[in-house]
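Next comes query.pdb, with PDB, C-alpha atoms, pLDDT in the B column.
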ATOM      1  CA  MET A   1     -28.745  38.141 -25.809  1.00 45.00           C
ATOM      2  CA  THR A   2     -30.875  35.406 -24.238  1.00 49.00           C
ATOM      3  CA  ASN A   3     -29.225  32.496 -22.447  1.00 55.00           C
ATOM      4  CA  TYR A   4     -31.563  29.580 -23.150  1.00 52.00           C
ATOM      5  CA  LEU A   5     -29.396  28.350 -26.045  1.00 60.00           C
ATOM      6  CA  LYS A   6     -26.611  26.488 -24.285  1.00 65.00           C
ATOM      7  CA  SER A   7     -24.663  23.311 -24.840  1.00 70.00           C
ATOM      8  CA  ASN A   8     -21.603  21.791 -23.214  1.00 73.00           C
ATOM      9  CA  ASN A   9     -20.394  20.826 -26.680  1.00 85.00           C
ATOM     10  CA  ILE A  10     -20.784  24.198 -28.450  1.00 92.00           C
ATOM     11  CA  ILE A  11     -18.897  27.447 -27.958  1.00 91.00           C
ATOM     12  CA  GLU A  12     -20.855  30.606 -28.771  1.00 94.00           C
ATOM     13  CA  GLU A  13     -18.873  33.822 -29.066  1.00 95.00           C
ATOM     14  CA  LYS A  14     -19.516  37.365 -30.184  1.00 97.00           C
ATOM     15  CA  ILE A  15     -16.660  38.416 -32.476  1.00 97.00           C
ATOM     16  CA  TYR A  16     -15.606  41.173 -34.831  1.00 97.00           C
ATOM     17  CA  ILE A  17     -14.108  40.480 -38.241  1.00 97.00           C
ATOM     18  CA  GLY A  18     -12.577  43.832 -38.980  1.00 93.00           C
ATOM     19  CA  LYS A  19     -15.529  46.121 -38.263  1.00 94.00           C
ATOM     20  CA  ILE A  20     -18.129  43.406 -38.917  1.00 98.00           C
ATOM     21  CA  PRO A  21     -19.877  42.216 -35.733  1.00 98.00           C
ATOM     22  CA  ALA A  22     -20.865  38.553 -35.790  1.00 98.00           C
ATOM     23  CA  ILE A  23     -21.838  35.577 -33.679  1.00 98.00           C
ATOM     24  CA  ILE A  24     -19.862  32.376 -34.160  1.00 97.00           C
ATOM     25  CA  PHE A  25     -20.832  28.902 -32.979  1.00 96.00           C
ATOM     26  CA  ARG A  26     -18.235  26.146 -33.035  1.00 90.00           C
ATOM     27  CA  PRO A  27     -17.861  22.631 -31.601  1.00 85.00           C
ATOM     28  CA  LYS A  28     -15.571  22.434 -28.561  1.00 83.00           C
ATOM     29  CA  LYS A  29     -13.872  19.177 -29.431  1.00 74.00           C
ATOM     30  CA  ARG A  30     -12.931  19.889 -33.025  1.00 66.00           C
ATOM     31  CA  LYS A  31      -9.913  22.178 -33.334  1.00 69.00           C
ATOM     32  CA  LYS A  32      -8.825  21.949 -36.990  1.00 81.00           C
ATOM     33  CA  GLY A  33     -10.445  21.580 -40.375  1.00 90.00           C
ATOM     34  CA  ILE A  34     -13.958  22.500 -39.244  1.00 94.00           C
ATOM     35  CA  PRO A  35     -16.749  22.439 -41.857  1.00 97.00           C
ATOM     36  CA  THR A  36     -18.170  25.958 -41.716  1.00 98.00           C
ATOM     37  CA  ILE A  37     -21.392  27.683 -42.761  1.00 98.00           C
ATOM     38  CA  ILE A  38     -21.861  31.426 -43.252  1.00 98.00           C
ATOM     39  CA  PHE A  39     -25.479  32.379 -42.514  1.00 98.00           C
ATOM     40  CA  TYR A  40     -26.897  35.708 -43.746  1.00 98.00           C
ATOM     41  CA  HIS A  41     -29.968  37.252 -42.119  1.00 98.00           C
ATOM     42  CA  GLY A  42     -32.804  39.028 -43.896  1.00 98.00           C
ATOM     43  CA  TRP A  43     -34.009  42.611 -44.201  1.00 98.00           C
ATOM     44  CA  SER A  44     -34.816  44.168 -40.798  1.00 97.00           C
ATOM     45  CA  SER A  45     -33.292  41.164 -38.984  1.00 97.00           C
ATOM     46  CA  ASP A  46     -29.884  40.798 -37.305  1.00 98.00           C
ATOM     47  CA  LYS A  47     -27.440  38.198 -36.040  1.00 98.00           C
ATOM     48  CA  GLU A  48     -29.150  37.751 -32.657  1.00 97.00           C
ATOM     49  CA  THR A  49     -32.505  36.996 -34.290  1.00 96.00           C
ATOM     50  CA  GLN A  50     -30.888  34.076 -36.158  1.00 97.00           C
ATOM     51  CA  ARG A  51     -29.183  32.513 -33.130  1.00 96.00           C
ATOM     52  CA  MET A  52     -31.561  29.543 -32.969  1.00 95.00           C
ATOM     53  CA  ARG A  53     -30.778  28.571 -36.568  1.00 96.00           C
ATOM     54  CA  GLY A  54     -27.064  28.961 -35.952  1.00 96.00           C
ATOM     55  CA  PHE A  55     -27.318  26.834 -32.840  1.00 94.00           C
ATOM     56  CA  ILE A  56     -29.199  24.073 -34.694  1.00 95.00           C
ATOM     57  CA  LEU A  57     -26.540  23.919 -37.408  1.00 96.00           C
ATOM     58  CA  ALA A  58     -23.742  23.901 -34.835  1.00 94.00           C
ATOM     59  CA  ALA A  59     -25.472  21.117 -32.890  1.00 92.00           C
ATOM     60  CA  VAL A  60     -25.078  18.787 -35.882  1.00 93.00           C
ATOM     61  CA  GLY A  61     -21.361  19.489 -36.240  1.00 92.00           C
ATOM     62  CA  TYR A  62     -20.837  22.710 -38.172  1.00 96.00           C
ATOM     63  CA  GLN A  63     -19.058  25.890 -37.269  1.00 97.00           C
ATOM     64  CA  VAL A  64     -21.495  28.702 -38.029  1.00 98.00           C
ATOM     65  CA  ILE A  65     -20.935  32.432 -38.370  1.00 98.00           C
ATOM     66  CA  ILE A  66     -23.794  34.938 -38.539  1.00 98.00           C
ATOM     67  CA  PRO A  67     -22.611  38.464 -39.413  1.00 98.00           C
ATOM     68  CA  ASP A  68     -24.609  41.648 -39.002  1.00 98.00           C
ATOM     69  CA  ALA A  69     -25.279  43.217 -42.389  1.00 98.00           C
ATOM     70  CA  VAL A  70     -24.647  46.917 -42.886  1.00 98.00           C
ATOM     71  CA  HIS A  71     -27.689  49.030 -41.811  1.00 97.00           C
ATOM     72  CA  HIS A  72     -28.670  46.247 -39.366  1.00 98.00           C
ATOM     73  CA  GLY A  73     -27.906  45.072 -35.854  1.00 97.00           C
ATOM     74  CA  GLU A  74     -24.877  46.911 -34.508  1.00 97.00           C
ATOM     75  CA  ARG A  75     -24.100  48.569 -37.844  1.00 97.00           C
ATOM     76  CA  ASN A  76     -26.045  51.833 -37.865  1.00 94.00           C
ATOM     77  CA  PRO A  77     -29.474  50.202 -38.038  1.00 96.00           C
ATOM     78  CA  ILE A  78     -32.262  51.974 -39.878  1.00 96.00           C
ATOM     79  CA  LYS A  79     -35.017  53.415 -37.686  1.00 93.00           C
ATOM     80  CA  GLU A  80     -37.792  52.079 -39.915  1.00 96.00           C
ATOM     81  CA  TYR A  81     -37.502  49.143 -42.302  1.00 95.00           C
ATOM     82  CA  ASN A  82     -40.242  50.442 -44.571  1.00 93.00           C
ATOM     83  CA  ILE A  83     -40.614  50.498 -48.350  1.00 90.00           C
ATOM     84  CA  ASP A  84     -38.849  53.848 -48.762  1.00 89.00           C
ATOM     85  CA  ASN A  85     -35.794  52.660 -46.862  1.00 93.00           C
ATOM     86  CA  ALA A  86     -35.875  49.290 -48.573  1.00 92.00           C
ATOM     87  CA  THR A  87     -35.697  51.150 -51.889  1.00 90.00           C
ATOM     88  CA  LYS A  88     -32.646  53.035 -50.641  1.00 91.00           C
ATOM     89  CA  TYR A  89     -30.767  50.324 -48.759  1.00 95.00           C
ATOM     90  CA  PHE A  90     -31.901  46.796 -49.738  1.00 96.00           C
ATOM     91  CA  TRP A  91     -29.570  46.259 -52.697  1.00 96.00           C
ATOM     92  CA  ASP A  92     -26.756  48.274 -51.141  1.00 96.00           C
ATOM     93  CA  THR A  93     -26.866  45.893 -48.188  1.00 98.00           C
ATOM     94  CA  ILE A  94     -26.607  42.865 -50.480  1.00 98.00           C
ATOM     95  CA  PHE A  95     -23.723  44.307 -52.479  1.00 98.00           C
ATOM     96  CA  THR A  96     -21.866  45.232 -49.284  1.00 98.00           C
ATOM     97  CA  ASN A  97     -22.357  41.716 -47.915  1.00 98.00           C
ATOM     98  CA  ILE A  98     -20.837  40.265 -51.074  1.00 98.00           C
ATOM     99  CA  LYS A  99     -17.902  42.675 -50.969  1.00 98.00           C
ATOM    100  CA  GLU A 100     -17.213  41.794 -47.333  1.00 98.00           C
ATOM    101  CA  SER A 101     -17.551  38.033 -47.821  1.00 98.00           C
ATOM    102  CA  HIS A 102     -13.902  37.655 -48.846  1.00 97.00           C
ATOM    103  CA  ILE A 103     -12.800  39.176 -45.524  1.00 97.00           C
ATOM    104  CA  ILE A 104     -15.075  36.823 -43.575  1.00 98.00           C
ATOM    105  CA  ILE A 105     -13.916  33.719 -45.468  1.00 98.00           C
ATOM    106  CA  ASP A 106     -10.226  34.545 -44.992  1.00 97.00           C
ATOM    107  CA  GLU A 107     -10.723  35.180 -41.253  1.00 97.00           C
ATOM    108  CA  LEU A 108     -12.651  31.920 -40.832  1.00 97.00           C
ATOM    109  CA  ILE A 109      -9.812  29.973 -42.422  1.00 96.00           C
ATOM    110  CA  PHE A 110      -6.833  31.662 -40.797  1.00 95.00           C
ATOM    111  CA  LYS A 111      -8.225  32.426 -37.328  1.00 94.00           C
ATOM    112  CA  TYR A 112     -11.128  30.045 -36.734  1.00 94.00           C
ATOM    113  CA  ASN A 113      -9.763  26.844 -38.312  1.00 94.00           C
ATOM    114  CA  ALA A 114     -12.401  26.548 -41.017  1.00 96.00           C
ATOM    115  CA  ASP A 115     -11.618  23.865 -43.579  1.00 96.00           C
ATOM    116  CA  PRO A 116     -11.051  25.896 -46.781  1.00 96.00           C
ATOM    117  CA  ASN A 117     -12.495  23.009 -48.792  1.00 97.00           C
ATOM    118  CA  ARG A 118     -15.667  22.726 -46.689  1.00 97.00           C
ATOM    119  CA  ILE A 119     -17.286  26.158 -46.519  1.00 98.00           C
ATOM    120  CA  GLY A 120     -20.986  26.585 -47.276  1.00 98.00           C
ATOM    121  CA  VAL A 121     -23.274  29.607 -47.425  1.00 98.00           C
ATOM    122  CA  MET A 122     -26.965  30.057 -46.717  1.00 98.00           C
ATOM    123  CA  GLY A 123     -29.439  32.808 -46.011  1.00 98.00           C
ATOM    124  CA  ASN A 124     -33.061  33.770 -45.608  1.00 98.00           C
ATOM    125  CA  SER A 125     -34.960  36.396 -47.645  1.00 98.00           C
ATOM    126  CA  MET A 126     -32.487  39.264 -48.280  1.00 98.00           C
ATOM    127  CA  GLY A 127     -29.915  36.888 -46.820  1.00 98.00           C
ATOM    128  CA  GLY A 128     -30.900  34.412 -49.540  1.00 98.00           C
ATOM    129  CA  PHE A 129     -30.171  37.037 -52.202  1.00 98.00           C
ATOM    130  CA  THR A 130     -26.845  37.649 -50.454  1.00 98.00           C
ATOM    131  CA  ALA A 131     -25.969  33.966 -50.158  1.00 98.00           C
ATOM    132  CA  ALA A 132     -26.642  33.472 -53.877  1.00 98.00           C
ATOM    133  CA  GLY A 133     -24.294  36.345 -54.715  1.00 98.00           C
ATOM    134  CA  VAL A 134     -21.582  35.256 -52.285  1.00 98.00           C
ATOM    135  CA  PHE A 135     -21.723  31.739 -53.728  1.00 98.00           C
ATOM    136  CA  THR A 136     -21.569  33.025 -57.297  1.00 98.00           C
ATOM    137  CA  TYR A 137     -18.483  35.159 -56.696  1.00 98.00           C
ATOM    138  CA  ASN A 138     -16.551  32.822 -54.373  1.00 97.00           C
ATOM    139  CA  ALA A 139     -15.648  29.718 -56.349  1.00 97.00           C
ATOM    140  CA  ASN A 140     -14.135  28.060 -53.258  1.00 95.00           C
ATOM    141  CA  ILE A 141     -17.513  27.883 -51.468  1.00 98.00           C
ATOM    142  CA  LYS A 142     -18.796  24.343 -51.826  1.00 98.00           C
ATOM    143  CA  ALA A 143     -22.575  24.476 -51.287  1.00 98.00           C
ATOM    144  CA  LEU A 144     -25.456  26.962 -51.272  1.00 98.00           C
ATOM    145  CA  VAL A 145     -28.857  26.938 -49.539  1.00 98.00           C
ATOM    146  CA  VAL A 146     -31.370  29.725 -50.218  1.00 98.00           C
ATOM    147  CA  PHE A 147     -34.464  30.205 -48.033  1.00 98.00           C
ATOM    148  CA  ASN A 148     -37.149  32.413 -49.612  1.00 98.00           C
ATOM    149  CA  GLY A 149     -34.599  34.444 -51.561  1.00 98.00           C
ATOM    150  CA  SER A 150     -33.640  34.827 -55.197  1.00 98.00           C
ATOM    151  CA  CYS A 151     -30.970  33.793 -57.669  1.00 98.00           C
ATOM    152  CA  GLY A 152     -32.718  35.844 -60.364  1.00 98.00           C
ATOM    153  CA  TRP A 153     -32.156  39.394 -59.207  1.00 98.00           C
ATOM    154  CA  GLU A 154     -33.387  41.272 -62.274  1.00 97.00           C
ATOM    155  CA  ILE A 155     -36.695  39.419 -62.163  1.00 97.00           C
ATOM    156  CA  SER A 156     -37.076  39.949 -58.412  1.00 97.00           C
ATOM    157  CA  ASN A 157     -36.292  43.640 -58.713  1.00 95.00           C
ATOM    158  CA  SER A 158     -38.937  44.006 -61.440  1.00 93.00           C
ATOM    159  CA  LEU A 159     -41.458  42.199 -59.225  1.00 93.00           C
ATOM    160  CA  PHE A 160     -40.590  44.447 -56.275  1.00 91.00           C
ATOM    161  CA  LYS A 161     -41.199  47.542 -58.409  1.00 88.00           C
ATOM    162  CA  ARG A 162     -44.496  46.194 -59.713  1.00 88.00           C
ATOM    163  CA  ASN A 163     -45.831  44.843 -56.428  1.00 84.00           C
ATOM    164  CA  PHE A 164     -44.849  47.871 -54.348  1.00 78.00           C
ATOM    165  CA  GLU A 165     -45.527  50.433 -57.102  1.00 72.00           C
ATOM    166  CA  LEU A 166     -41.984  51.829 -57.129  1.00 72.00           C
ATOM    167  CA  ASN A 167     -40.612  54.290 -59.676  1.00 68.00           C
ATOM    168  CA  ALA A 168     -36.900  54.328 -60.442  1.00 64.00           C
ATOM    169  CA  ASN A 169     -34.940  57.568 -60.087  1.00 66.00           C
ATOM    170  CA  GLU A 170     -31.413  58.255 -61.370  1.00 67.00           C
ATOM    171  CA  GLU A 171     -29.751  56.797 -58.284  1.00 71.00           C
ATOM    172  CA  GLN A 172     -31.829  53.632 -58.551  1.00 81.00           C
ATOM    173  CA  LYS A 173     -30.925  53.281 -62.220  1.00 85.00           C
ATOM    174  CA  GLU A 174     -27.283  52.947 -61.185  1.00 88.00           C
ATOM    175  CA  THR A 175     -28.318  50.243 -58.740  1.00 92.00           C
ATOM    176  CA  GLU A 176     -30.274  48.469 -61.475  1.00 92.00           C
ATOM    177  CA  GLU A 177     -27.200  48.452 -63.721  1.00 94.00           C
ATOM    178  CA  LYS A 178     -25.277  46.739 -60.931  1.00 96.00           C
ATOM    179  CA  ILE A 179     -28.122  44.260 -60.411  1.00 97.00           C
ATOM    180  CA  LEU A 180     -27.985  43.329 -64.097  1.00 96.00           C
ATOM    181  CA  LYS A 181     -24.216  42.910 -64.007  1.00 97.00           C
ATOM    182  CA  MET A 182     -24.066  40.809 -60.820  1.00 98.00           C
ATOM    183  CA  ASP A 183     -27.309  38.848 -61.137  1.00 98.00           C
ATOM    184  CA  PRO A 184     -26.443  35.154 -60.561  1.00 98.00           C
ATOM    185  CA  MET A 185     -28.825  34.196 -63.372  1.00 98.00           C
ATOM    186  CA  LYS A 186     -26.737  36.353 -65.735  1.00 97.00           C
ATOM    187  CA  ASN A 187     -23.585  34.497 -64.643  1.00 98.00           C
ATOM    188  CA  LEU A 188     -24.608  30.851 -64.868  1.00 98.00           C
ATOM    189  CA  GLU A 189     -21.151  29.800 -66.036  1.00 98.00           C
ATOM    190  CA  LEU A 190     -19.956  30.462 -62.472  1.00 98.00           C
ATOM    191  CA  LEU A 191     -22.597  28.145 -60.987  1.00 98.00           C
ATOM    192  CA  ILE A 192     -22.955  25.095 -63.219  1.00 97.00           C
ATOM    193  CA  ASP A 193     -22.515  21.754 -61.399  1.00 98.00           C
ATOM    194  CA  ARG A 194     -22.047  23.409 -58.000  1.00 98.00           C
ATOM    195  CA  PRO A 195     -24.465  22.209 -55.263  1.00 98.00           C
ATOM    196  CA  ILE A 196     -27.486  24.541 -54.969  1.00 98.00           C
ATOM    197  CA  LEU A 197     -30.594  23.940 -52.850  1.00 98.00           C
ATOM    198  CA  LEU A 198     -33.550  26.325 -53.208  1.00 98.00           C
ATOM    199  CA  LEU A 199     -36.332  26.283 -50.596  1.00 98.00           C
ATOM    200  CA  HIS A 200     -39.342  28.564 -51.013  1.00 98.00           C
ATOM    201  CA  GLY A 201     -42.990  28.868 -50.036  1.00 98.00           C
ATOM    202  CA  ASP A 202     -45.221  29.043 -53.088  1.00 98.00           C
ATOM    203  CA  SER A 203     -47.472  31.649 -51.399  1.00 98.00           C
ATOM    204  CA  ASP A 204     -44.655  34.012 -50.465  1.00 97.00           C
ATOM    205  CA  ASP A 205     -46.008  37.564 -50.776  1.00 95.00           C
ATOM    206  CA  VAL A 206     -42.727  39.275 -49.832  1.00 95.00           C
ATOM    207  CA  VAL A 207     -40.223  37.612 -52.178  1.00 97.00           C
ATOM    208  CA  SER A 208     -42.119  35.994 -55.030  1.00 97.00           C
ATOM    209  CA  ILE A 209     -41.196  32.404 -55.831  1.00 98.00           C
ATOM    210  CA  GLU A 210     -41.328  33.196 -59.573  1.00 97.00           C
ATOM    211  CA  SER A 211     -37.679  34.265 -59.858  1.00 98.00           C
ATOM    212  CA  GLN A 212     -36.533  30.956 -58.356  1.00 98.00           C
ATOM    213  CA  ARG A 213     -38.781  28.987 -60.684  1.00 98.00           C
ATOM    214  CA  ILE A 214     -37.317  30.755 -63.699  1.00 98.00           C
ATOM    215  CA  PHE A 215     -33.740  30.399 -62.419  1.00 98.00           C
ATOM    216  CA  TYR A 216     -34.189  26.688 -61.738  1.00 98.00           C
ATOM    217  CA  LYS A 217     -35.745  26.074 -65.146  1.00 98.00           C
ATOM    218  CA  LYS A 218     -32.833  27.859 -66.795  1.00 98.00           C
ATOM    219  CA  ILE A 219     -29.934  26.288 -64.900  1.00 98.00           C
ATOM    220  CA  LYS A 220     -31.130  22.700 -64.382  1.00 98.00           C
ATOM    221  CA  PRO A 221     -30.559  21.538 -67.998  1.00 98.00           C
ATOM    222  CA  LEU A 222     -26.935  22.731 -67.738  1.00 98.00           C
ATOM    223  CA  TYR A 223     -26.081  20.343 -64.881  1.00 98.00           C
ATOM    224  CA  GLN A 224     -24.378  17.033 -65.587  1.00 97.00           C
ATOM    225  CA  ASP A 225     -25.206  15.770 -62.098  1.00 97.00           C
ATOM    226  CA  LEU A 226     -28.850  16.632 -61.373  1.00 97.00           C
ATOM    227  CA  ASN A 227     -28.431  15.588 -57.740  1.00 98.00           C
ATOM    228  CA  LYS A 228     -26.524  18.827 -57.199  1.00 98.00           C
ATOM    229  CA  ILE A 229     -29.426  21.132 -58.059  1.00 98.00           C
ATOM    230  CA  GLU A 230     -32.723  20.906 -56.173  1.00 98.00           C
ATOM    231  CA  PHE A 231     -35.744  23.164 -55.793  1.00 98.00           C
ATOM    232  CA  ILE A 232     -38.311  22.395 -53.087  1.00 98.00           C
ATOM    233  CA  GLN A 233     -41.555  24.366 -53.174  1.00 98.00           C
ATOM    234  CA  TYR A 234     -43.750  24.416 -50.069  1.00 98.00           C
ATOM    235  CA  PRO A 235     -47.505  24.607 -50.815  1.00 98.00           C
ATOM    236  CA  ASN A 236     -49.462  27.422 -49.149  1.00 98.00           C
ATOM    237  CA  LEU A 237     -46.383  28.673 -47.270  1.00 98.00           C
ATOM    238  CA  ASN A 238     -45.765  32.405 -47.012  1.00 98.00           C
ATOM    239  CA  HIS A 239     -42.457  34.111 -46.151  1.00 98.00           C
ATOM    240  CA  PHE A 240     -41.284  31.756 -43.396  1.00 97.00           C
ATOM    241  CA  VAL A 241     -38.463  29.321 -42.637  1.00 97.00           C
ATOM    242  CA  THR A 242     -39.908  26.030 -41.390  1.00 97.00           C
ATOM    243  CA  THR A 243     -38.486  23.089 -39.479  1.00 96.00           C
ATOM    244  CA  ASN A 244     -38.661  21.087 -42.713  1.00 97.00           C
ATOM    245  CA  MET A 245     -36.518  23.706 -44.451  1.00 98.00           C
ATOM    246  CA  MET A 246     -33.882  23.469 -41.732  1.00 98.00           C
ATOM    247  CA  GLU A 247     -33.921  19.671 -41.990  1.00 98.00           C
ATOM    248  CA  GLU A 248     -33.489  19.794 -45.772  1.00 98.00           C
ATOM    249  CA  SER A 249     -30.600  22.252 -45.448  1.00 98.00           C
ATOM    250  CA  ILE A 250     -28.788  20.038 -42.929  1.00 98.00           C
ATOM    251  CA  ALA A 251     -29.205  17.019 -45.220  1.00 98.00           C
ATOM    252  CA  TRP A 252     -27.828  19.096 -48.111  1.00 98.00           C
ATOM    253  CA  PHE A 253     -24.747  20.179 -46.201  1.00 98.00           C
ATOM    254  CA  TYR A 254     -24.164  16.611 -44.981  1.00 97.00           C
ATOM    255  CA  LYS A 255     -24.109  15.526 -48.614  1.00 98.00           C
ATOM    256  CA  TYR A 256     -21.994  18.304 -50.108  1.00 98.00           C
ATOM    257  CA  LEU A 257     -20.047  19.875 -47.263  1.00 96.00           C
TER     258      LEU A 257
END

Represent the structure from my file as structure tokens, please.
Amino acid sequence: MTNYLKSNNIIEEKIYIGKIPAIIFRPKKRKKGIPTIIFYHGWSSDKETQRMRGFILAAVGYQVIIPDAVHHGERNPIKEYNIDNATKYFWDTIFTNIKESHIIIDELIFKYNADPNRIGVMGNSMGGFTAAGVFTYNANIKALVVFNGSCGWEISNSLFKRNFELNANEEQKETEEKILKMDPMKNLELLIDRPILLLHGDSDDVVSIESQRIFYKKIKPLYQDLNKIEFIQYPNLNHFVTTNMMEESIAWFYKYL
């Protein structure tokens, strides 16, 4: 772990929540009722790779936890993050993240003084898929930010299969049934009028922006307060998180967290 990210006002600590390794950033001066953000990394990434983003969020006043996903970081990482292994492990990683989110939230509240009424979730790429699912199935989470991910899982899965020329086997059919069941876009009643910010490059050739466009078009008319749903598309941007995206996410959390 590099040492160039330091601040006299921020505590950085490597922790374990059960068997889940994570990095947590928290302000030194604030001891109780801390607004907290759970940040999920993408496919082939890990908690250390996201330290800069965690540090930025902590520098503006948030407690931030970045857990390692299963099959990543310290958790039996895959040797090669290629298409074959993505087919095997991508959705399993997302579903495991969602299952474990309840453990992380409880630990943040009872051990790390997170304000239970001010918890947000965000993620990039696969972490954006995860964040959307965690938000959908944890009604107590107050705000969501998705970088280059998807809230329309069935559509994204179909695009993955088409773009990477994948054929479903019996095992993958079981996964697809779970995708259909848990897809946030199939469970809009759990999301309506909750703050959601979608940020995506319109030239993304890894996770197509199309699923987010369809999701946004479907959910926006259901909102009574249109300020709580926003979709920002970045022209000519591929699969990257930009400084502007980080700035927009901070503004969103300031407003709703």

Please expand the PyMOL selection byres ((chain A and resi 113) around 8) into the concrete residues it hits in this file, giving the result as a PyMOL selection string. chain A and resi 31-34+108-112+114-115

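Here CA of Met185 (chain A) and CA of Ala143 (chain A) stand 16.7 Å from one another.
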
Report as a tab-separated table (two decimals) with C-alpha atoms, in the coordinates of the input the full result of the PyMOL selection byres ((chain A and resi 164) around 12) when it is applied to this structure.
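Written file, part-v1.tsv:
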chain	number	residue	atom	x	y	z
A	82	ASN	CA	-40.24	50.44	-44.57
A	83	ILE	CA	-40.61	50.50	-48.35
A	84	ASP	CA	-38.85	53.85	-48.76
A	86	ALA	CA	-35.88	49.29	-48.57
A	87	THR	CA	-35.70	51.15	-51.89
A	156	SER	CA	-37.08	39.95	-58.41
A	157	ASN	CA	-36.29	43.64	-58.71
A	158	SER	CA	-38.94	44.01	-61.44
A	159	LEU	CA	-41.46	42.20	-59.22
A	160	PHE	CA	-40.59	44.45	-56.28
A	161	LYS	CA	-41.20	47.54	-58.41
A	162	ARG	CA	-44.50	46.19	-59.71
A	163	ASN	CA	-45.83	44.84	-56.43
A	165	GLU	CA	-45.53	50.43	-57.10
A	166	LEU	CA	-41.98	51.83	-57.13
A	167	ASN	CA	-40.61	54.29	-59.68
A	168	ALA	CA	-36.90	54.33	-60.44
A	205	ASP	CA	-46.01	37.56	-50.78
A	206	VAL	CA	-42.73	39.28	-49.83
A	207	VAL	CA	-40.22	37.61	-52.18

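Distances from A:Asn9, A:Ser249, A:Glu189, A:Tyr234 to Leu222 (chain A) were compared using all atoms listed in the file, and the smallest one belongs to A:Glu189.
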
Contact residues around Arg118 (chain A) with all atoms listed in the file at 8 Å, ignoring same-chain residues under 6 positions, as a PyMOL selection string: chain A and resi 34-36+141-142+257

What is the CA of Ile94 (chain A)-CA of Leu199 (chain A) distance in Å, reported with one decimal?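 Pair CA of Ile94 (chain A) / CA of Leu199 (chain A) returns 19.2 Å.
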
Here is a test: counting only C-alpha atoms, which residue of A:Phe129, A:Tyr89, A:Phe215, A:Tyr223 is nearest to Arg194 (chain A)? A:Tyr223

Tell me which of A:Ile232, A:Glu177, A:Val241, A:Tyr216 sits closest to Gly128 (chain A), counting all atoms listed in the file. A:Val241

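In this structure, CA of His239 (chain A) sits 17.0 Å away from CA of Leu197 (chain A).
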
Just need the box for region 218-222 of chain A, edges along x, y and z, holding every atom the file lists for it with 5 Å tacked onto each side, so centre and edge lengths in Å to one decimal, as JSON.
{"center_x": -29.9, "center_y": 24.7, "center_z": -66.2, "size_x": 15.9, "size_y": 16.3, "size_z": 13.6}

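Proximity ranking of A:Tyr16, A:Tyr40, A:Phe135, A:Phe90 relative to His71 (chain A) places A:Phe90 first, based on only C-alpha atoms.
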
Of A:Ala131, A:Val146, A:Ile196, A:Met126, the one sitting nearest Trp43 (chain A) when using all atoms listed in the file is A:Met126

Select, from A:Ala58, A:Leu188, A:Leu237, A:Ile78, the residue with the minimum atom-to-atom distance to Glu12 (chain A), counting all atoms listed in the file.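 Between A:Ala58, A:Leu188, A:Leu237, A:Ile78, the residue approaching Glu12 (chain A) most closely is A:Ala58.
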
I'd like to see the residues matched by the PyMOL selection byres ((chain A and resi 136) around 8) on this file, and ideally I'd get them as a compact mmCIF listing (two decimals) with C-alpha atoms, in the coordinates of the input.
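Wrote result00.txt, looks like this:
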# COMPACT_ATOMS: atom_id res chain seq x y z
CA ALA A 132 -26.64 33.47 -53.88
CA GLY A 133 -24.29 36.34 -54.72
CA VAL A 134 -21.58 35.26 -52.28
CA PHE A 135 -21.72 31.74 -53.73
CA TYR A 137 -18.48 35.16 -56.70
CA ASN A 138 -16.55 32.82 -54.37
CA ALA A 139 -15.65 29.72 -56.35
CA PRO A 184 -26.44 35.15 -60.56
CA ASN A 187 -23.58 34.50 -64.64
CA LEU A 190 -19.96 30.46 -62.47
CA LEU A 191 -22.60 28.14 -60.99

Please provide as a PyMOL selection string all residues within 12 Å of Glu210 (chain A), with the sequence filter that same-chain residues fewer than 6 positions apart are discarded (counting only C-alpha atoms). chain A and resi 148-160+200-204+216-217+233

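Remark: residues at most 6 Å from position (-21.2, 26.7, -32.2) in file coordinates are A:Ile10, A:Ile11, A:Glu12, A:Phe25, A:Arg26, A:Pro27, A:Ala58, A:Gln63, using all atoms listed in the file.
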
If we count all atoms listed in the file, what is near Ile250 (chain A) at a cut-off of 12 Å, once residues fewer than 2 positions away on the same chain are taken out, given as a PyMOL selection string? chain A and resi 37+53-54+56-62+120-122+143-145+197+243-248+252-257

Those same residues, written as a short mmCIF file (atom, residue, chain, number, x, y, z; two decimals), keeping the file's coordinate frame with C-alpha atoms?
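What ended up in again.cif:
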data_model
loop_
_atom_site.label_atom_id
_atom_site.label_comp_id
_atom_site.auth_asym_id
_atom_site.auth_seq_id
_atom_site.Cartn_x
_atom_site.Cartn_y
_atom_site.Cartn_z
CA ILE A 37 -21.39 27.68 -42.76
CA ARG A 53 -30.78 28.57 -36.57
CA GLY A 54 -27.06 28.96 -35.95
CA ILE A 56 -29.20 24.07 -34.69
CA LEU A 57 -26.54 23.92 -37.41
CA ALA A 58 -23.74 23.90 -34.84
CA ALA A 59 -25.47 21.12 -32.89
CA VAL A 60 -25.08 18.79 -35.88
CA GLY A 61 -21.36 19.49 -36.24
CA TYR A 62 -20.84 22.71 -38.17
CA GLY A 120 -20.99 26.58 -47.28
CA VAL A 121 -23.27 29.61 -47.42
CA MET A 122 -26.96 30.06 -46.72
CA ALA A 143 -22.58 24.48 -51.29
CA LEU A 144 -25.46 26.96 -51.27
CA VAL A 145 -28.86 26.94 -49.54
CA LEU A 197 -30.59 23.94 -52.85
CA THR A 243 -38.49 23.09 -39.48
CA ASN A 244 -38.66 21.09 -42.71
CA MET A 245 -36.52 23.71 -44.45
CA MET A 246 -33.88 23.47 -41.73
CA GLU A 247 -33.92 19.67 -41.99
CA GLU A 248 -33.49 19.79 -45.77
CA TRP A 252 -27.83 19.10 -48.11
CA PHE A 253 -24.75 20.18 -46.20
CA TYR A 254 -24.16 16.61 -44.98
CA LYS A 255 -24.11 15.53 -48.61
CA TYR A 256 -21.99 18.30 -50.11
CA LEU A 257 -20.05 19.88 -47.26
#
